[in-house]
Every structure is written in C-alpha cells, then in structure tokens.
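Engineer: If it helps, the file is called run-v8.cif and holds mmCIF, C-alpha atoms and all ligand atoms:
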data_structure
loop_
_atom_site.label_atom_id
_atom_site.label_comp_id
_atom_site.auth_asym_id
_atom_site.auth_seq_id
_atom_site.Cartn_x
_atom_site.Cartn_y
_atom_site.Cartn_z
CA MET A 1 8.18 6.51 -24.97
CA ARG A 2 5.50 4.81 -22.97
CA ILE A 3 5.27 4.87 -19.19
CA ASP A 4 2.83 2.81 -17.15
CA VAL A 5 1.66 4.27 -13.84
CA ILE A 6 0.67 1.47 -11.48
CA GLN A 7 -1.24 2.30 -8.31
CA GLY A 8 -1.84 -0.21 -5.56
CA ALA A 9 -4.16 -0.83 -2.67
CA ASN A 10 -6.49 1.92 -1.42
CA LEU A 11 -5.11 4.58 -3.73
CA ASN A 12 -8.51 4.67 -5.47
CA LEU A 13 -9.69 6.42 -2.29
CA LEU A 14 -7.28 9.35 -2.51
CA GLY A 15 -8.94 12.68 -1.80
CA ARG A 16 -11.08 11.26 0.99
CA ARG A 17 -8.64 8.77 2.53
CA GLU A 18 -6.74 10.32 5.47
CA PRO A 19 -6.19 13.64 3.62
CA ALA A 20 -3.86 14.92 6.35
CA ILE A 21 -1.45 12.14 5.35
CA TYR A 22 -2.15 11.59 1.66
CA GLY A 23 -3.38 15.02 0.53
CA ALA A 24 -6.61 16.27 -1.01
CA GLN A 25 -6.01 15.30 -4.64
CA THR A 26 -7.92 12.39 -6.10
CA LEU A 27 -6.21 9.72 -8.15
CA GLU A 28 -7.91 11.10 -11.28
CA GLU A 29 -6.50 14.57 -10.55
CA ILE A 30 -3.00 13.17 -10.03
CA HIS A 31 -3.27 11.27 -13.30
CA SER A 32 -4.56 14.24 -15.27
CA GLY A 33 -1.63 16.32 -13.89
CA LEU A 34 0.71 13.62 -15.17
CA GLU A 35 -0.95 13.73 -18.58
CA ASP A 36 -0.43 17.52 -18.73
CA LEU A 37 3.23 17.07 -17.85
CA GLY A 38 3.56 14.25 -20.38
CA ARG A 39 2.26 16.64 -23.08
CA GLN A 40 4.76 19.33 -22.02
CA LEU A 41 7.63 16.83 -22.09
CA SER A 42 6.54 15.61 -25.54
CA ALA A 43 6.88 19.03 -27.13
CA GLY A 44 9.56 19.00 -29.78
CA ASP A 45 10.79 15.55 -28.85
CA GLU A 46 9.66 11.93 -28.80
CA ALA A 47 6.08 11.72 -27.45
CA VAL A 48 5.60 10.64 -23.85
CA SER A 49 2.51 8.51 -23.56
CA LEU A 50 1.09 7.43 -20.23
CA THR A 51 -1.16 4.58 -19.24
CA PHE A 52 -2.72 4.17 -15.81
CA PHE A 53 -3.78 1.23 -13.69
CA GLN A 54 -5.04 0.89 -10.13
CA SER A 55 -5.93 -2.27 -8.27
CA ASN A 56 -6.49 -3.37 -4.71
CA SER A 57 -5.42 -6.92 -5.61
CA GLU A 58 -1.81 -8.04 -5.41
CA GLY A 59 -2.23 -10.57 -8.25
CA ALA A 60 -3.72 -7.96 -10.59
CA LEU A 61 -0.76 -5.68 -9.89
CA VAL A 62 1.67 -8.52 -10.64
CA ASP A 63 -0.20 -9.21 -13.91
CA ARG A 64 0.05 -5.55 -14.84
CA VAL A 65 3.79 -5.38 -14.18
CA GLN A 66 4.28 -8.53 -16.28
CA ALA A 67 2.23 -7.01 -19.12
CA CYS A 68 4.62 -4.00 -19.13
CA GLY A 69 7.14 -6.33 -20.77
CA GLU A 70 5.19 -5.66 -24.00
CA GLY A 71 5.87 -2.16 -25.29
CA VAL A 72 6.32 -0.19 -22.07
CA ASP A 73 9.62 1.65 -21.49
CA ALA A 74 9.36 2.50 -17.81
CA ILE A 75 7.15 2.12 -14.74
CA ILE A 76 6.02 4.51 -12.02
CA MET A 77 4.65 2.52 -9.13
CA ASN A 78 3.07 3.15 -5.75
CA PRO A 79 2.08 -0.29 -4.50
CA GLY A 80 0.41 1.13 -1.34
CA ALA A 81 0.68 -1.32 1.54
CA TYR A 82 1.97 -4.07 -0.79
CA THR A 83 5.25 -2.11 -0.75
CA HIS A 84 5.91 -3.58 2.66
CA THR A 85 4.75 -7.14 2.06
CA SER A 86 4.87 -8.24 -1.57
CA ILE A 87 7.75 -10.44 -2.68
CA ALA A 88 5.62 -11.21 -5.75
CA LEU A 89 5.63 -7.57 -6.90
CA ARG A 90 9.36 -7.34 -6.32
CA ASP A 91 9.88 -10.50 -8.38
CA ALA A 92 7.65 -9.14 -11.17
CA LEU A 93 9.71 -5.92 -11.36
CA LEU A 94 12.90 -7.99 -11.53
CA ALA A 95 11.38 -10.22 -14.20
CA VAL A 96 10.46 -7.38 -16.56
CA GLY A 97 13.71 -5.52 -15.86
CA LEU A 98 12.31 -2.11 -16.84
CA PRO A 99 13.44 1.11 -15.22
CA ALA A 100 10.98 1.87 -12.44
CA VAL A 101 10.51 4.60 -9.86
CA GLU A 102 8.72 3.94 -6.57
CA VAL A 103 6.54 6.79 -5.33
CA HIS A 104 4.93 7.28 -1.93
CA LEU A 105 2.80 10.29 -1.08
CA SER A 106 3.73 10.04 2.59
CA ASN A 107 7.17 9.39 4.05
CA PRO A 108 6.96 5.79 5.27
CA ALA A 109 10.23 6.19 7.23
CA ALA A 110 8.53 8.79 9.41
CA ARG A 111 5.56 6.53 10.16
CA GLU A 112 4.89 3.19 11.86
CA SER A 113 7.82 0.76 11.89
CA PHE A 114 5.95 -1.75 9.68
CA ARG A 115 6.12 0.82 6.89
CA HIS A 116 9.88 1.30 7.14
CA ARG A 117 10.79 -1.63 4.94
CA SER A 118 10.10 -1.48 1.20
CA LEU A 119 10.52 -4.78 -0.62
CA ILE A 120 10.96 -2.95 -3.93
CA ALA A 121 13.30 -0.09 -2.93
CA ASP A 122 16.45 -1.94 -3.96
CA VAL A 123 15.12 -3.13 -7.32
CA VAL A 124 13.86 0.25 -8.61
CA ARG A 125 15.98 3.07 -10.04
CA GLY A 126 14.92 5.35 -7.24
CA SER A 127 12.25 6.18 -4.70
CA ILE A 128 10.46 9.50 -4.18
CA VAL A 129 8.71 9.71 -0.83
CA GLY A 130 7.01 12.22 1.40
CA LEU A 131 6.46 14.97 -1.18
CA GLY A 132 2.79 14.30 -1.89
CA ALA A 133 1.39 14.17 -5.41
CA ILE A 134 4.33 16.10 -6.88
CA GLY A 135 6.39 12.95 -6.33
CA TYR A 136 4.66 11.38 -9.35
CA GLN A 137 5.64 14.36 -11.50
CA LEU A 138 9.25 14.15 -10.34
CA ALA A 139 9.26 10.43 -11.15
CA LEU A 140 7.95 11.12 -14.66
CA ARG A 141 10.59 13.81 -15.26
CA ALA A 142 13.35 11.50 -14.02
CA LEU A 143 12.29 8.55 -16.19
CA VAL A 144 11.89 10.69 -19.32
CA ALA A 145 15.29 12.34 -18.75
CA ALA A 146 16.97 8.96 -18.20
CA HIS A 147 15.32 7.52 -21.34
CA ARG A 148 16.44 10.49 -23.44
CA ALA A 149 19.97 10.33 -22.05
CA ARG A 150 20.12 6.61 -22.88
CA ARG A 151 18.78 7.21 -26.36
CA ALA A 152 21.38 9.93 -26.97
CA VAL A 153 24.12 7.39 -26.19
CA GLU A 154 22.63 4.28 -27.81
CA GLY A 155 20.50 5.79 -30.58
CA PRO A 156 16.81 4.98 -31.10
CA ALA A 157 15.80 1.33 -30.56
CA SER A 158 15.74 -0.49 -33.89
CA PRO A 159 12.30 -1.82 -34.91
CA GLY A 160 11.86 -5.55 -34.29
C1 LIG B 1 1.70 4.79 0.66
C2 LIG B 1 2.40 4.42 1.97
C3 LIG B 1 2.00 3.02 2.39
O1 LIG B 1 2.63 2.69 3.64
C4 LIG B 1 0.51 2.93 2.59
O2 LIG B 1 0.13 1.60 2.92
C5 LIG B 1 -0.26 3.42 1.42
C6 LIG B 1 0.19 4.63 0.75
C7 LIG B 1 1.98 6.26 0.27
O3 LIG B 1 1.77 6.60 -0.89
O4 LIG B 1 2.36 7.06 1.13
O5 LIG B 1 -1.29 2.87 1.06
O6 LIG B 1 2.19 3.97 -0.38
#
Hey, can you dump this file as structure tokens for me?
Structural biologist:
Amino acid sequence: MRIDVIQGANLNLLGRREPAIYGAQTLEEIHSGLEDLGRQLSAGDEAVSLTFFQSNSEGALVDRVQACGEGVDAIIMNPGAYTHTSIALRDALLAVGLPAVEVHLSNPAARESFRHRSLIADVVRGSIVGLGAIGYQLALRALVAAHRARRAVEGPASPG
C-alpha cells in the first residue's frame, strides 16, 4: 500500500520553529522515523511505501492531494495553518475520497481561538493532535490497520 504524507505551511522549519510547542525533531527526522515504521509494518505482509511532500503554498498542497488520486491508498496530512482557513484543501480531500488522517503536533484546541476550527476534521477518518511527532506514527499504524482490515473483507484490489 502507498501512503502520501503531506506537510503544509512552515513545517519545513520544524526543529527550530517554536520547539516548546512543536518539539525538537526536524521534518526529515519525523519522515525517517515513518520510513522505519513503514519497514516494520511491511514485514511479512504487503509492503507499506511512503512518499513525502511539504509546501508552504496552498495551491501546491491542493495539487498534491489531487495527484493522490493516482495510485495512493491513503493520506496523512498536517496542513499547518491552512487547517484553519482552506476550503480548497477540504474540497480536494473530498474530491479524491481517500482515507486520510489529520495530524497536528500541538493541540490546537488548547491554543488561540483561531486554531480551534479545522476545516478538514469532518472529512478525514480521524485526527491525532497534541502528541508531538508520535502522532504521525499513530496515523500510519491506523491507516495500515484499516487498509488491511478492508482487504481482509474485500480481498485484494483487482488489477485495472
Ligand atoms: C499545527 C497547528 C497549526 O495551528 C499551526 O498553524 C501549524 C502547526 C500543528 O502541527 O500543531 O503550523 O498544524
């Protein structure tokens, strides 16, 4: 199965951006931890392959979600501040219709009121917030488990 990890605005600065809120890990470190977990989850079962994308531009993020329609099984997404503003990202997730998990390093509900509303929370399978970088790992485990449970019921997707 293939999972695309889509990271939004300012997440390229992780590690030096407000570490008291977002933690000390860089985006590269978070992604390499996900790759390790993907390898563990692949053992003895269908391979889990991960692709990664980060952009500070809303349109580029929309393009990336749209492109997931081709060959991607699930999405892990932290849109950064676009979480609270982007109808376009919400519409893109609805358009591709793939299972997605929203991740936030911090707990937006415990922060400023403008962060309390997520425009994607009701169109994703679930949201993992406030647990730091481990939230991405939990999202990966959840999406792989859901995919495998679905496959056990439906059987493998037929080619073409
Ligand atoms: C964030 C929370 C957002 O409110 C903020 O704008 C971010 C990061 C998080 O991961 O905690 O850029 O998505």
Engineer: Which polymer residues have any atom within 7 Å of an atom of range 93-108 of chain A, counting all atoms listed in the file, with same-chain residues fewer than 5 positions away left out, as a tab-separated table (two decimals) with C-alpha atoms, in the coordinates of the input?
Structural biologist:
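Below you can see selection.tsv, which holds the result:
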chain	number	residue	atom	x	y	z
A	21	ILE	CA	-1.45	12.14	5.35
A	22	TYR	CA	-2.15	11.59	1.66
A	65	VAL	CA	3.79	-5.38	-14.18
A	66	GLN	CA	4.28	-8.53	-16.28
A	69	GLY	CA	7.14	-6.33	-20.77
A	73	ASP	CA	9.62	1.65	-21.49
A	74	ALA	CA	9.36	2.50	-17.81
A	75	ILE	CA	7.15	2.12	-14.74
A	76	ILE	CA	6.02	4.51	-12.02
A	77	MET	CA	4.65	2.52	-9.13
A	78	ASN	CA	3.07	3.15	-5.75
A	115	ARG	CA	6.12	0.82	6.89
A	116	HIS	CA	9.88	1.30	7.14
A	123	VAL	CA	15.12	-3.13	-7.32
A	124	VAL	CA	13.86	0.25	-8.61
A	125	ARG	CA	15.98	3.07	-10.04
A	126	GLY	CA	14.92	5.35	-7.24
A	127	SER	CA	12.25	6.18	-4.70
A	128	ILE	CA	10.46	9.50	-4.18
A	129	VAL	CA	8.71	9.71	-0.83
A	130	GLY	CA	7.01	12.22	1.40
A	131	LEU	CA	6.46	14.97	-1.18
A	132	GLY	CA	2.79	14.30	-1.89
A	133	ALA	CA	1.39	14.17	-5.41
A	135	GLY	CA	6.39	12.95	-6.33
A	136	TYR	CA	4.66	11.38	-9.35
A	139	ALA	CA	9.26	10.43	-11.15
Engineer: Can you tell me, as a ChimeraX atom specification, what residues are no more than 6 Å from Thr26 in chain A when counting only C-alpha atoms, ignoring any on the same chain fewer than 2 positions away?
Structural biologist: /A:14-15,28-29
Engineer: I'd like the interatomic distance between CA of Ala9 in chain A and CA of Leu41 in chain A, to a tenth of an Å.
Structural biologist: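 Going from CA of Ala9 in chain A over to CA of Leu41 in chain A, I get 28.8 Å.
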Engineer: Between CA of Thr83 in chain A and CA of Met1 in chain A, what distance in Å does the model show, to one decimal?
Structural biologist: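 So the two atoms, CA of Thr83 in chain A and CA of Met1 in chain A, lie 25.9 Å apart.
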Engineer: At most 7 Å from (-0.1, 1.0, -14.7), file frame, all atoms listed in the file: which residues, as a list of chain:residue names?
Structural biologist: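 Those residues, ordered by chain and then number, are A:Asp4, A:Val5, A:Ile6, A:Gln7, A:Thr51, A:Phe52, A:Phe53, A:Gln54, A:Arg64.
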Engineer: Counting all atoms listed in the file, which of A:Glu154, A:Glu112, A:Glu58, A:Glu46 gets nearest to ligand LIG 1 (chain B)?
Structural biologist: A:Glu112
Engineer: Between A:Leu138, A:Ala146, A:Leu13, A:Ala110, single out the one closest to Leu34 in chain A, counting all atoms listed in the file.
Structural biologist: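 Closest candidate: A:Leu138.
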Engineer: Counting only C-alpha atoms, which residue out of A:Gln25, A:Ser49, A:Thr85, A:Gln137 sits closest to Asn12 in chain A?
Structural biologist: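 Residue with the minimum atom-to-atom distance to Asn12 in chain A: A:Gln25.
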Engineer: Closest to ligand LIG 1 (chain B) among A:Pro19, A:Gly80, A:Gly38, A:Pro156, using only C-alpha atoms and all ligand atoms?
Structural biologist: A:Gly80
Engineer: Work out how far apart atom O5 of ligand LIG 1 (chain B) and CA of Pro79 in chain A are and give it in Å to one decimal.
Structural biologist: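 Separating atom O5 of ligand LIG 1 (chain B) from CA of Pro79 in chain A is a distance of 7.2 Å.
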Engineer: Using all atoms listed in the file, find the one residue out of A:Leu50, A:Ile120, A:Leu140, A:Ile87 that sits nearest to ligand LIG 1 (chain B).
Structural biologist: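 Closest to ligand LIG 1 (chain B), using all atoms listed in the file: A:Ile120.
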Engineer: Using all atoms of ligand LIG 1 (chain B) that appear in the file, construct an axis-aligned enclosing box with 6 Å of padding on every side and provide its centre coordinates and edge lengths in Å, rounded to one decimal, as JSON.
Structural biologist:
{"center_x": 0.7, "center_y": 4.3, "center_z": 1.4, "size_x": 15.9, "size_y": 17.5, "size_z": 16.5}
Engineer: So, counting all atoms listed in the file, which residue among A:Ala81, A:Val72, A:Leu27, A:Val48 is closest to ligand LIG 1 (chain B)?
Structural biologist: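 Residue with the minimum atom-to-atom distance to ligand LIG 1 (chain B): A:Ala81.
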Engineer: How would range 104-117 of chain A look written as a short mmCIF file (atom, residue, chain, number, x, y, z; two decimals), in the first residue's frame with all heavy atoms?
Structural biologist:
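Okay, this is what ended up in decode.cif:
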data_model
loop_
_atom_site.label_atom_id
_atom_site.label_comp_id
_atom_site.auth_asym_id
_atom_site.auth_seq_id
_atom_site.Cartn_x
_atom_site.Cartn_y
_atom_site.Cartn_z
N HIS A 104 -1.73 16.93 14.00
CA HIS A 104 -1.15 18.19 14.49
C HIS A 104 -0.21 17.88 15.64
O HIS A 104 -0.58 17.13 16.56
CB HIS A 104 -2.23 19.17 14.94
CG HIS A 104 -3.12 19.59 13.83
ND1 HIS A 104 -2.71 20.43 12.83
CD2 HIS A 104 -4.37 19.22 13.53
CE1 HIS A 104 -3.69 20.57 11.96
NE2 HIS A 104 -4.71 19.84 12.35
N LEU A 105 0.97 18.45 15.59
CA LEU A 105 1.95 18.25 16.66
C LEU A 105 1.43 18.84 17.97
O LEU A 105 1.51 18.21 19.02
CB LEU A 105 3.28 18.92 16.27
CG LEU A 105 3.94 18.29 15.04
CD1 LEU A 105 4.71 19.33 14.26
CD2 LEU A 105 4.84 17.14 15.46
N SER A 106 0.91 20.04 17.88
CA SER A 106 0.35 20.70 19.06
C SER A 106 -1.13 20.35 19.17
O SER A 106 -1.69 19.70 18.27
CB SER A 106 0.54 22.21 18.95
OG SER A 106 -0.27 22.73 17.89
N ASN A 107 -1.75 20.80 20.26
CA ASN A 107 -3.20 20.60 20.42
C ASN A 107 -3.88 21.93 20.13
O ASN A 107 -3.97 22.79 21.01
CB ASN A 107 -3.51 20.13 21.84
CG ASN A 107 -5.00 19.97 22.06
OD1 ASN A 107 -5.79 20.23 21.16
ND2 ASN A 107 -5.37 19.56 23.26
N PRO A 108 -4.38 22.11 18.91
CA PRO A 108 -4.95 23.42 18.54
C PRO A 108 -6.08 23.84 19.47
O PRO A 108 -6.27 25.04 19.71
CB PRO A 108 -5.46 23.19 17.11
CG PRO A 108 -4.62 22.07 16.58
CD PRO A 108 -4.38 21.17 17.76
N ALA A 109 -6.81 22.88 20.05
CA ALA A 109 -7.93 23.24 20.93
C ALA A 109 -7.46 23.91 22.22
O ALA A 109 -8.24 24.59 22.89
CB ALA A 109 -8.75 22.00 21.27
N ALA A 110 -6.19 23.71 22.55
CA ALA A 110 -5.65 24.30 23.77
C ALA A 110 -4.91 25.61 23.48
O ALA A 110 -4.24 26.15 24.36
CB ALA A 110 -4.70 23.31 24.44
N ARG A 111 -5.05 26.10 22.25
CA ARG A 111 -4.30 27.30 21.85
C ARG A 111 -5.26 28.44 21.49
O ARG A 111 -6.39 28.45 21.95
CB ARG A 111 -3.35 26.93 20.70
CG ARG A 111 -2.36 25.83 21.10
CD ARG A 111 -1.41 25.46 19.99
NE ARG A 111 -0.58 26.60 19.63
CZ ARG A 111 0.13 26.67 18.50
NH1 ARG A 111 0.10 25.64 17.64
NH2 ARG A 111 0.85 27.73 18.23
N GLU A 112 -4.80 29.38 20.68
CA GLU A 112 -5.63 30.54 20.35
C GLU A 112 -6.94 30.11 19.70
O GLU A 112 -6.98 29.11 18.99
CB GLU A 112 -4.89 31.48 19.38
CG GLU A 112 -3.53 31.97 19.84
CD GLU A 112 -2.39 31.12 19.30
OE1 GLU A 112 -2.54 29.87 19.20
OE2 GLU A 112 -1.33 31.70 19.00
N SER A 113 -7.98 30.92 19.87
CA SER A 113 -9.30 30.51 19.37
C SER A 113 -9.31 30.34 17.85
O SER A 113 -10.05 29.51 17.33
CB SER A 113 -10.38 31.48 19.82
OG SER A 113 -10.07 32.76 19.36
N PHE A 114 -8.45 31.09 17.12
CA PHE A 114 -8.47 30.94 15.66
C PHE A 114 -7.94 29.58 15.21
O PHE A 114 -8.10 29.21 14.04
CB PHE A 114 -7.72 32.09 14.94
CG PHE A 114 -6.27 32.27 15.36
CD1 PHE A 114 -5.28 31.45 14.84
CD2 PHE A 114 -5.91 33.25 16.26
CE1 PHE A 114 -3.95 31.61 15.21
CE2 PHE A 114 -4.58 33.42 16.65
CZ PHE A 114 -3.61 32.60 16.13
N ARG A 115 -7.34 28.84 16.14
CA ARG A 115 -6.87 27.49 15.77
C ARG A 115 -7.91 26.42 16.14
O ARG A 115 -7.70 25.23 15.90
CB ARG A 115 -5.56 27.15 16.49
CG ARG A 115 -4.41 28.03 16.08
CD ARG A 115 -3.12 27.55 16.74
NE ARG A 115 -2.18 28.65 16.84
CZ ARG A 115 -1.36 29.03 15.86
NH1 ARG A 115 -1.34 28.39 14.71
NH2 ARG A 115 -0.54 30.05 16.02
N HIS A 116 -8.99 26.81 16.75
CA HIS A 116 -9.93 25.79 17.25
C HIS A 116 -10.72 25.12 16.15
O HIS A 116 -11.18 24.00 16.32
CB HIS A 116 -10.90 26.41 18.28
CG HIS A 116 -10.22 26.83 19.54
ND1 HIS A 116 -10.87 27.39 20.60
CD2 HIS A 116 -8.90 26.79 19.90
CE1 HIS A 116 -10.00 27.66 21.57
NE2 HIS A 116 -8.80 27.31 21.15
N ARG A 117 -10.89 25.83 15.03
CA ARG A 117 -11.69 25.23 13.95
C ARG A 117 -10.77 24.59 12.91
O ARG A 117 -9.85 25.24 12.41
CB ARG A 117 -12.54 26.31 13.29
CG ARG A 117 -13.49 25.75 12.25
CD ARG A 117 -14.37 26.82 11.68
NE ARG A 117 -13.56 27.79 10.91
CZ ARG A 117 -14.04 28.52 9.90
NH1 ARG A 117 -15.31 28.42 9.57
NH2 ARG A 117 -13.26 29.34 9.25
#
